[in-house]
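Undergrad: Following this line is query-v3.cif, made up of mmCIF, C-alpha atoms:
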data_upload
#
loop_
_atom_site.label_atom_id
_atom_site.label_comp_id
_atom_site.auth_asym_id
_atom_site.auth_seq_id
_atom_site.Cartn_x
_atom_site.Cartn_y
_atom_site.Cartn_z
CA MET A 1 -88.64 18.79 -10.45
CA ARG A 2 -86.98 16.33 -8.17
CA TRP A 3 -86.71 13.90 -11.08
CA THR A 4 -84.98 16.53 -13.19
CA ARG A 5 -82.37 17.18 -10.51
CA THR A 6 -81.73 13.46 -10.09
CA ALA A 7 -81.31 12.99 -13.83
CA GLY A 8 -78.87 15.92 -14.01
CA ALA A 9 -76.75 14.47 -11.21
CA LEU A 10 -76.63 11.09 -12.97
CA LEU A 11 -75.51 12.71 -16.21
CA VAL A 12 -72.68 14.54 -14.41
CA VAL A 13 -71.49 11.32 -12.77
CA LEU A 14 -71.52 9.46 -16.09
CA ALA A 15 -69.59 12.26 -17.79
CA LEU A 16 -66.91 12.20 -15.13
CA ALA A 17 -66.64 8.45 -15.35
CA LEU A 18 -66.21 8.57 -19.12
CA LEU A 19 -63.42 11.16 -19.03
CA PRO A 20 -59.94 9.65 -19.51
CA ALA A 21 -57.83 9.56 -16.42
CA ALA A 22 -55.07 12.17 -16.36
CA PRO A 23 -51.67 10.53 -16.71
CA ALA A 24 -49.51 10.59 -13.61
CA SER A 25 -46.55 12.91 -13.91
CA ALA A 26 -43.41 10.86 -14.33
CA ALA A 27 -40.47 11.58 -12.10
CA PRO A 28 -37.93 13.68 -14.00
CA GLY A 29 -34.72 11.82 -14.82
CA PRO A 30 -31.18 13.15 -14.84
CA ALA A 31 -30.59 15.91 -17.38
CA VAL A 32 -27.48 17.69 -18.70
CA GLU A 33 -27.15 21.12 -20.28
CA LEU A 34 -24.15 22.68 -22.09
CA SER A 35 -23.23 26.35 -22.24
CA ARG A 36 -22.15 25.91 -25.89
CA ALA A 37 -22.78 23.25 -28.51
CA GLU A 38 -19.42 23.75 -30.25
CA GLY A 39 -15.90 24.61 -29.17
CA GLY A 40 -12.29 24.33 -30.24
CA LYS A 41 -9.35 22.69 -28.56
CA GLY A 42 -8.08 24.76 -25.65
CA GLY A 43 -11.47 26.31 -24.94
CA GLU A 44 -13.82 25.66 -22.05
CA ILE A 45 -17.51 24.95 -21.61
CA THR A 46 -19.82 24.82 -18.62
CA VAL A 47 -21.67 21.56 -18.00
CA SER A 48 -24.68 21.70 -15.67
CA GLY A 49 -27.32 19.19 -14.76
CA SER A 50 -30.35 18.45 -12.62
CA GLY A 51 -32.34 15.47 -11.44
CA TRP A 52 -29.32 13.56 -10.15
CA LYS A 53 -29.05 11.81 -6.82
CA PRO A 54 -27.79 14.21 -4.13
CA GLY A 55 -24.20 13.56 -3.12
CA ALA A 56 -23.38 11.44 -6.18
CA LEU A 57 -19.96 11.76 -7.82
CA LEU A 58 -20.09 12.31 -11.59
CA MET A 59 -17.49 11.97 -14.33
CA LEU A 60 -17.49 14.46 -17.24
CA LEU A 61 -15.75 13.50 -20.51
CA ILE A 62 -15.66 14.54 -24.17
CA CYS A 63 -15.93 11.37 -26.25
CA GLY A 64 -15.81 10.50 -29.91
CA GLN A 65 -17.89 7.91 -31.78
CA GLY A 66 -20.93 8.75 -29.68
CA ALA A 67 -24.47 9.98 -30.10
CA PRO A 68 -27.36 10.63 -27.72
CA GLY A 69 -29.49 7.53 -27.42
CA LYS A 70 -26.74 5.28 -28.82
CA GLY A 71 -24.08 5.83 -26.23
CA VAL A 72 -20.34 5.90 -26.77
CA ILE A 73 -19.07 3.09 -28.99
CA GLY A 74 -15.87 1.70 -27.53
CA GLY A 75 -16.55 2.99 -24.02
CA THR A 76 -14.15 5.38 -22.34
CA ASN A 77 -11.42 4.28 -24.75
CA SER A 78 -13.05 6.75 -27.16
CA CYS A 79 -12.88 9.65 -24.66
CA ALA A 80 -10.30 12.29 -23.75
CA ASN A 81 -9.73 10.81 -20.29
CA THR A 82 -6.78 13.04 -19.35
CA GLU A 83 -8.94 16.16 -19.73
CA GLY A 84 -11.92 14.78 -17.85
CA ARG A 85 -13.39 16.43 -14.78
CA ALA A 86 -15.34 15.29 -11.73
CA ALA A 87 -18.39 16.95 -10.20
CA THR A 88 -20.39 16.37 -7.03
CA VAL A 89 -24.17 16.68 -7.00
CA ASP A 90 -25.52 19.08 -4.39
CA ALA A 91 -28.47 18.55 -2.06
CA ARG A 92 -30.96 19.70 -4.72
CA GLY A 93 -29.72 17.15 -7.26
CA ALA A 94 -27.94 19.73 -9.44
CA PHE A 95 -24.32 20.30 -10.42
CA SER A 96 -22.24 22.70 -12.51
CA ALA A 97 -18.59 22.31 -13.58
CA LYS A 98 -16.11 23.67 -16.09
CA LEU A 99 -14.89 21.21 -18.74
CA PRO A 100 -11.93 21.98 -21.03
CA VAL A 101 -12.44 21.21 -24.70
CA ALA A 102 -10.08 18.45 -25.88
CA GLU A 103 -9.86 16.25 -28.95
CA PRO A 104 -10.86 12.64 -28.21
CA PRO A 105 -8.87 9.73 -29.64
CA LYS A 106 -11.79 8.75 -31.91
CA PRO A 107 -13.39 10.89 -34.64
CA CYS A 108 -16.65 12.73 -34.20
CA PRO A 109 -19.67 12.71 -33.92
CA CYS A 110 -18.76 13.69 -30.34
CA VAL A 111 -20.70 13.96 -27.12
CA VAL A 112 -20.21 15.23 -23.60
CA HIS A 113 -20.53 12.06 -21.56
CA VAL A 114 -21.74 12.45 -17.96
CA ALA A 115 -21.83 9.24 -15.91
CA GLY A 116 -22.21 8.42 -12.23
CA VAL A 117 -19.17 6.98 -10.50
CA THR A 118 -20.66 6.38 -7.06
CA GLY A 119 -24.26 6.14 -6.03
CA GLN A 120 -26.35 6.71 -9.15
CA GLN A 121 -24.98 4.78 -12.14
CA ASP A 122 -26.94 6.66 -14.83
CA ALA A 123 -25.25 8.11 -17.91
CA VAL A 124 -26.36 11.01 -20.11
CA ASP A 125 -24.82 12.07 -23.44
CA ARG A 126 -25.21 15.54 -24.95
CA GLU A 127 -24.20 16.24 -28.54
CA PHE A 128 -21.12 18.43 -28.87
CA THR A 129 -18.94 19.46 -31.83
CA VAL A 130 -15.18 19.73 -31.47
CA ALA A 131 -14.08 22.28 -34.06
CA GLY A 132 -11.35 21.00 -36.40
CA HIS A 133 -11.64 17.37 -35.23
CA PRO A 134 -12.05 14.63 -37.87
CA VAL A 135 -15.55 13.31 -38.50
CA ALA A 136 -16.40 9.73 -39.52
CA PRO A 137 -19.58 7.65 -39.62
CA LEU A 138 -20.42 5.66 -36.54
CA PRO A 139 -19.32 2.02 -36.74
CA GLU A 140 -21.91 -0.67 -37.01
CA ALA A 141 -23.55 -1.84 -33.84
CA SER A 142 -22.03 -4.92 -32.31
CA GLY A 143 -25.34 -6.73 -31.92
CA ASP A 144 -28.27 -6.49 -29.58
CA GLY A 145 -26.11 -7.25 -26.53
CA ARG A 146 -27.99 -10.37 -25.51
CA LEU A 147 -25.14 -12.25 -23.87
CA ALA A 148 -25.71 -14.78 -21.14
CA VAL A 149 -23.37 -16.82 -18.96
CA LEU A 150 -23.55 -20.54 -19.74
CA ALA A 151 -20.96 -22.10 -17.41
CA ALA A 152 -19.46 -21.71 -13.96
CA VAL A 153 -17.16 -18.82 -13.26
CA ARG A 154 -13.61 -19.23 -11.93
CA LEU A 155 -10.54 -17.19 -11.11
CA ASP A 156 -7.28 -18.36 -12.69
CA GLY A 157 -3.82 -17.47 -11.47
CA SER A 158 -1.86 -17.49 -8.24
CA SER A 159 0.05 -15.10 -6.04
CA GLY A 160 3.83 -14.88 -6.36
CA LEU A 161 6.60 -13.92 -3.98
CA LEU A 162 6.22 -10.22 -4.77
CA THR A 163 2.56 -10.35 -3.74
CA TRP A 164 3.71 -11.65 -0.34
CA PHE A 165 5.66 -8.39 -0.03
CA GLY A 166 2.76 -6.12 -1.04
CA ALA A 167 2.66 -6.27 -4.85
CA PRO A 168 -0.84 -5.88 -6.42
CA PRO A 169 -2.67 -9.25 -6.55
CA SER A 170 -3.88 -10.16 -10.03
CA ARG A 171 -6.09 -12.88 -11.48
CA GLU A 172 -8.09 -13.73 -14.61
CA ILE A 173 -11.82 -14.17 -14.36
CA VAL A 174 -12.92 -16.88 -16.79
CA PHE A 175 -16.49 -17.53 -17.88
CA THR A 176 -18.39 -18.82 -20.91
CA VAL A 177 -20.99 -16.62 -22.62
CA GLY A 178 -23.50 -17.39 -25.32
CA ASN A 179 -25.17 -15.11 -27.83
CA LEU A 180 -28.91 -15.46 -27.41
CA GLY A 181 -29.76 -12.69 -29.89
CA SER A 182 -30.25 -12.63 -33.62
CA ALA A 183 -27.23 -10.48 -34.52
CA PRO A 184 -23.54 -11.15 -34.03
CA VAL A 185 -21.71 -9.45 -31.16
CA LYS A 186 -18.32 -8.10 -32.21
CA ASP A 187 -15.59 -7.07 -29.78
CA PRO A 188 -17.89 -6.70 -26.75
CA VAL A 189 -16.81 -4.31 -24.01
CA PHE A 190 -17.26 -5.69 -20.50
CA GLN A 191 -17.00 -3.79 -17.24
CA VAL A 192 -14.99 -5.48 -14.49
CA GLY A 193 -15.27 -4.22 -10.94
CA THR A 194 -14.02 -5.25 -7.49
CA SER A 195 -15.67 -4.47 -4.18
CA HIS A 196 -14.47 -4.86 -0.59
CA GLY A 197 -16.83 -4.94 2.36
CA VAL A 198 -19.79 -2.59 2.06
CA PHE A 199 -18.23 -0.44 -0.66
CA ALA A 200 -19.71 -0.42 -4.16
CA PRO A 201 -17.60 -1.97 -6.94
CA GLN A 202 -15.41 0.32 -9.01
CA TYR A 203 -15.78 -0.74 -12.66
CA GLU A 204 -13.16 -0.58 -15.37
CA GLU A 205 -13.77 -1.38 -19.02
CA ARG A 206 -12.19 -4.48 -20.55
CA GLN A 207 -12.66 -5.21 -24.25
CA TRP A 208 -12.75 -8.78 -25.45
CA ARG A 209 -11.55 -9.29 -29.02
CA GLY A 210 -13.66 -11.57 -31.13
CA THR A 211 -17.08 -12.09 -32.69
CA ILE A 212 -19.83 -14.23 -31.17
CA GLN A 213 -22.33 -15.38 -33.77
CA PRO A 214 -26.01 -15.96 -32.89
CA GLY A 215 -26.40 -19.26 -31.05
CA GLU A 216 -22.66 -19.64 -30.46
CA LYS A 217 -20.67 -19.47 -27.24
CA ALA A 218 -17.20 -18.26 -26.37
CA LEU A 219 -14.75 -18.48 -23.48
CA VAL A 220 -13.97 -15.02 -22.10
CA ARG A 221 -10.87 -14.20 -20.03
CA LEU A 222 -10.62 -10.78 -18.42
CA PRO A 223 -7.76 -9.55 -16.20
CA VAL A 224 -8.51 -8.39 -12.67
CA GLU A 225 -6.03 -6.51 -10.48
CA LEU A 226 -6.28 -5.04 -6.99
CA THR A 227 -4.31 -2.25 -5.38
CA ALA A 228 -0.93 -2.80 -3.73
CA GLY A 229 -1.14 -4.32 -0.27
CA ALA A 230 -4.79 -5.39 -0.68
CA HIS A 231 -5.97 -8.23 1.54
CA GLY A 232 -9.25 -9.61 2.81
CA ASP A 233 -12.49 -10.74 1.15
CA TYR A 234 -13.23 -9.19 -2.23
CA GLN A 235 -15.93 -9.74 -4.82
CA VAL A 236 -15.34 -9.54 -8.58
CA SER A 237 -18.26 -8.44 -10.74
CA VAL A 238 -18.61 -8.37 -14.53
CA ARG A 239 -21.41 -6.57 -16.27
CA TYR A 240 -22.36 -6.03 -19.90
CA ALA A 241 -24.87 -3.54 -21.34
CA GLY A 242 -25.72 -2.37 -17.81
CA LYS A 243 -26.49 -5.89 -16.57
CA VAL A 244 -24.36 -7.83 -14.09
CA LEU A 245 -23.39 -11.14 -15.67
CA VAL A 246 -21.19 -12.79 -13.04
CA GLU A 247 -20.09 -12.30 -9.42
CA GLN A 248 -17.20 -14.25 -7.96
CA PRO A 249 -15.74 -14.05 -4.41
CA TRP A 250 -11.98 -13.66 -4.02
CA GLY A 251 -10.12 -14.15 -0.76
CA VAL A 252 -6.76 -12.38 -0.72
CA GLY A 253 -4.19 -13.31 1.92
CA ARG A 254 -2.37 -10.77 4.04
CA PRO A 255 1.09 -9.72 2.75
CA TRP A 256 3.07 -11.02 5.72
CA GLY A 257 6.35 -10.03 4.07
CA VAL A 258 5.52 -6.38 4.69
CA THR A 259 4.83 -7.09 8.36
CA LEU A 260 8.10 -9.00 8.68
CA PHE A 261 9.96 -6.15 7.02
CA TRP A 262 8.62 -3.60 9.50
CA LEU A 263 9.43 -5.86 12.44
CA LEU A 264 13.02 -6.25 11.27
CA LEU A 265 13.22 -2.53 10.64
CA ALA A 266 12.01 -1.85 14.18
CA VAL A 267 14.83 -4.02 15.55
CA VAL A 268 17.69 -3.12 13.22
CA VAL A 269 17.27 0.66 13.24
CA PRO A 270 17.38 1.09 17.05
CA ALA A 271 20.37 -1.26 17.26
CA ALA A 272 22.22 0.69 14.57
CA LEU A 273 21.42 4.00 16.26
CA PHE A 274 22.67 2.63 19.58
CA ARG A 275 25.95 1.51 18.01
CA ILE A 276 26.43 4.88 16.32
CA GLY A 277 25.69 6.69 19.56
CA MET A 278 28.19 4.61 21.50
CA ALA A 279 30.87 5.28 18.88
CA VAL A 280 30.20 9.03 19.10
CA VAL A 281 30.40 8.90 22.91
CA ASP A 282 33.73 7.02 22.78
CA ARG A 283 35.19 9.65 20.46
CA ALA A 284 33.86 12.63 22.42
CA ARG A 285 34.89 11.36 25.89
CA PRO A 286 38.26 12.86 27.16
CA ALA A 287 41.07 10.28 27.44
CA THR A 288 41.99 11.00 31.14
CA ASN A 289 43.14 7.51 32.02
CA SER A 290 45.53 7.15 29.10
CA ALA A 291 47.20 10.56 29.67
CA ARG A 292 48.00 10.00 33.39
CA PRO A 293 51.65 8.79 33.85
CA ARG A 294 52.09 5.48 35.52
CA PRO A 295 53.97 5.53 38.87
CA ARG A 296 57.49 4.07 38.94
CA ALA A 297 57.92 0.70 40.56
CA ARG A 298 59.81 0.96 43.80
CA PRO A 299 62.70 -1.44 44.40
CA ARG A 300 61.77 -4.17 46.74
CA THR A 301 63.85 -4.32 49.93
CA ALA A 302 63.77 -7.49 51.90
CA PRO A 303 62.78 -6.99 55.53
CA LEU A 304 65.33 -7.58 58.19
CA ALA A 305 63.58 -10.69 59.40
CA ARG A 306 64.12 -12.32 56.01
CA LEU A 307 67.90 -11.72 56.16
CA ARG A 308 68.30 -14.00 59.17
CA THR A 309 69.59 -17.36 58.41
CA ARG A 310 67.37 -20.23 58.83
CA ALA A 311 68.07 -23.09 61.17
CA PRO A 312 69.73 -25.85 59.21
CA ASP A 313 68.07 -29.11 58.92
CA PRO A 314 70.27 -32.00 60.16
CA ALA A 315 68.51 -34.34 57.88
CA ARG A 316 69.58 -32.33 54.86
CA ASP A 317 73.14 -31.48 56.08
CA PRO A 318 74.60 -34.37 58.15
CA ALA A 319 78.06 -32.66 58.47
CA ARG A 320 76.83 -30.05 60.90
CA HIS A 321 77.14 -30.51 64.72
CA PRO A 322 74.44 -30.12 67.32
CA GLY A 323 75.99 -26.93 68.63
CA ASP A 324 75.71 -25.31 65.31
CA ASP A 325 71.93 -25.25 65.36
CA GLU A 326 71.73 -21.82 66.96
CA PRO A 327 71.27 -19.11 64.40
CA THR A 328 73.74 -16.26 64.33
CA ALA A 329 72.66 -12.79 63.42
CA ALA A 330 74.52 -11.19 60.54
CA LEU A 331 74.56 -7.54 59.83
CA PRO A 332 73.37 -6.59 56.41
CA TRP A 333 76.40 -4.51 55.39
CA PHE A 334 79.21 -7.04 55.94
CA SER A 335 79.87 -10.74 56.49
CA PRO A 336 81.28 -12.23 59.69
CA ASP A 337 84.68 -13.08 58.05
CA SER A 338 85.24 -9.53 56.90
CA ALA A 339 84.76 -7.87 60.31
CA PRO A 340 87.67 -5.52 61.25
CA SER A 341 90.05 -6.75 64.03
CA ALA A 342 92.15 -4.64 66.47
CA PRO A 343 95.96 -4.73 65.91
CA GLU A 344 98.04 -6.54 68.53
CA SER A 345 100.60 -3.72 68.92
CA SER A 346 98.06 -1.06 69.70
CA PRO A 347 98.01 -0.16 73.39
CA THR A 348 94.83 -0.57 75.22
CA THR A 349 93.13 2.40 76.59
CA LYS A 350 91.93 0.65 79.64
CA GLY A 351 93.13 2.45 82.76
CA HIS A 352 94.48 5.45 80.85
CA ALA A 353 91.49 7.61 81.16
#
So that I can check it, write out the structure of this file as structure tokens.
TA:
Amino acid sequence: MRWTRTAGALLVVLALALLPAAPASAAPGPAVELSRAEGGKGGEITVSGSGWKPGALLMLLICGQGAPGKGVIGGTNSCANTEGRAATVDARGAFSAKLPVAEPPKPCPCVVHVAGVTGQQDAVDREFTVAGHPVAPLPEASGDGRLAVLAAVRLDGSSGLLTWFGAPPSREIVFTVGNLGSAPVKDPVFQVGTSHGVFAPQYEERQWRGTIQPGEKALVRLPVELTAGAHGDYQVSVRYAGKVLVEQPWGVGRPWGVTLFWLLLAVVVPAALFRIGMAVVDRARPATNSARPRPRARPRTAPLARLRTRAPDPARDPARHPGDDEPTAALPWFSPDSAPSAPESSPTTKGHA
């Protein structure tokens, strides 16, 4: 009996060991749902999604020359960028936004393209039909995308006088790529981004014109431009097919012309305001001093002491005698020679009182 129980337990253990292991449930990826699969220009659809990173910023576009699983051929140049919308993922990883229906610059097949701008960089395409929009077959694929950098990367160009006064700095990032695949790569679309400090790079699409045959290499030049007044340490990144190919540091000098302009403005404006204020004060002040009449000048009368004759100097006038040195007082209203004299015939009054 005991043997039977032991044998039964062994059979159960062997059966469990032979059962295939249950596959682990894979984490759900980002998904997008549309309220309608078709719409005409001027209409509106609701785009919702789940499984995205919370707090991520998403870009919603209607693009032509696209298909789920193949992406959008030509990048955002095939999308109606002016009618695009942005959406923010909530704490549960979901979002919902209204998207106006617009005709993309490229023919259909069309898709609703949802891509992460910050945080999560995933992209999801959902098939959508724009009613009345032209339809054309998808262009041939531009190769398997196996491009690799074969030489050192450099930044060409220099800053001009306008950059010193705050104009946007611009350069060209130059690198050599080789086609390591078995199919030619025609007109590849690169993504060029710049980052400053701890911020993530903001990528913009740059298309390079040309065909790179298998086993060949080509020199690629892509323009890079920063915002006006940018300065400090930046990093330029280029990626292709979701893979970063090159990263190049870029040190941008401070636009000292802007600082000099503000310093001069801080000196000139107060000085001009002071001058204007003084002119206003001069015009508003009453002219009291100019209206007061000036007093008349009084005639100068020589004091009596100045009318006395001075003692003559014998050295200057040798004809004078010693007895003539005494000064004689003269009355101011007549001279000594013109004094009136009494007549000889007039009787004296002495003794006739």
Undergrad: Ranking A:Pro105, A:Pro188, A:Gly210, A:Pro169 by minimum distance to Gly157 (chain A) and counting only C-alpha atoms, which one comes first?
TA: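 Looking at the shortest contact to Gly157 (chain A), the residue is A:Pro169.
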Undergrad: Under the PyMOL selection byres ((chain A and resi 131) around 10), which residues of this model are included? Write them out as an MDAnalysis selection string.
TA: chainID A and resid 38:41 101:103 108 128:130 132:134
Undergrad: Taking into account all atoms listed in the file, which residue in the set A:Ser158, A:Ala148, A:Leu99, A:Gly74 is nearest to Lys186 (chain A)?
TA: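 Counting all atoms listed in the file, the residue closest to Lys186 (chain A) is A:Gly74.
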Undergrad: Taking the file above as input, evaluate the PyMOL selection byres ((chain A and resi 100) around 9) and report the hits as a list in words.
TA: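 Listing what the PyMOL selection byres ((chain A and resi 100) around 9) selects in the shown file: Lys41, Gly42, Gly43, Glu44, Ile45, Thr46, Ile62, Glu83, Gly84, Arg85, Lys98, Leu99, Val101 and Ala102 of chain A.
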Undergrad: As a check of understanding, name the residues that the PyMOL selection byres ((chain A and resi 109-112) around 7) selects in the supplied structure, as a list of chain:residue names.
TA: A:Leu60, A:Leu61, A:Ile62, A:Cys63, A:Gly64, A:Gln65, A:Gly66, A:Ala67, A:Pro107, A:Cys108, A:His113, A:Val114, A:Asp125, A:Arg126, A:Glu127, A:Phe128, A:Thr129, A:Val135
Undergrad: Store the residues of this selection in a file with C-alpha atoms, as a compact mmCIF listing (two decimals), keeping the file's coordinate frame.
TA:
# COMPACT_ATOMS: atom_id res chain seq x y z
CA LEU A 60 -17.49 14.46 -17.24
CA LEU A 61 -15.75 13.50 -20.51
CA ILE A 62 -15.66 14.54 -24.17
CA CYS A 63 -15.93 11.37 -26.25
CA GLY A 64 -15.81 10.50 -29.91
CA GLN A 65 -17.89 7.91 -31.78
CA GLY A 66 -20.93 8.75 -29.68
CA ALA A 67 -24.47 9.98 -30.10
CA PRO A 107 -13.39 10.89 -34.64
CA CYS A 108 -16.65 12.73 -34.20
CA HIS A 113 -20.53 12.06 -21.56
CA VAL A 114 -21.74 12.45 -17.96
CA ASP A 125 -24.82 12.07 -23.44
CA ARG A 126 -25.21 15.54 -24.95
CA GLU A 127 -24.20 16.24 -28.54
CA PHE A 128 -21.12 18.43 -28.87
CA THR A 129 -18.94 19.46 -31.83
CA VAL A 135 -15.55 13.31 -38.50
Undergrad: Of the candidates A:Val281, A:Val268, A:Ala91, A:Leu226, which shows the shortest atom-to-atom distance to Gly251 (chain A), using all atoms listed in the file?
TA: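 Closest residue, counting all atoms listed in the file: A:Leu226.
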Undergrad: Measuring between all atoms listed in the file, which one of A:Thr259, A:Ser237, A:Gln248, A:Ser78 shows the shortest distance to Trp164 (chain A)?
TA: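 Once distances to Trp164 (chain A) are computed over all atoms listed in the file, the minimum belongs to A:Thr259.
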Undergrad: Pick out the residues sitting within 12 Å of Leu222 (chain A), and hand them over as a ChimeraX atom specification; count only C-alpha atoms, and ignore anything fewer than 2 positions along from it in its own chain.
TA: /A:153-157,170-176,188-193,204-209,219-220,224-225,236-239
Undergrad: Here is a test: counting all atoms listed in the file, which residue of A:Thr163, A:Thr82, A:Gln202, A:Gln213 is nearest to Gly116 (chain A)?
TA: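 Counting all atoms listed in the file, the residue closest to Gly116 (chain A) is A:Gln202.
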Undergrad: Find, counting all atoms listed in the file, the residue in A:Pro270, A:Val72, A:Asp90, A:Asn77 that gets nearest to Ala56 (chain A).
TA: A:Asp90
Undergrad: Just to confirm, what's the straight-line distance from CA of Ala37 (chain A) to CA of Arg92 (chain A) in Å (one decimal)?
TA: 25.4 Å
Undergrad: Using the file's own x, y and z axes, what box holds all listed atoms of region 176-189 of chain A with 6 Å on each side, keeping edges along x, y and z, and what are its centre and edge lengths in Å to one decimal, as lines of an AutoDock Vina configuration file?
TA:
center_x = -22.9
center_y = -11.6
center_z = -27.7
size_x = 26.7
size_y = 26.5
size_z = 25.6
Undergrad: So the first atom is CA of Thr227 (chain A) and the second is CA of Pro168 (chain A); what is the distance between them in Å, to one decimal place?
TA: 5.1 Å
Undergrad: Quick one: everything within 8 Å of Ser96 (chain A), counting all atoms listed in the file, minus sequence neighbours fewer than 2 positions away in the same chain. Send it as a ChimeraX atom specification.
TA: /A:46-49,87,94,98
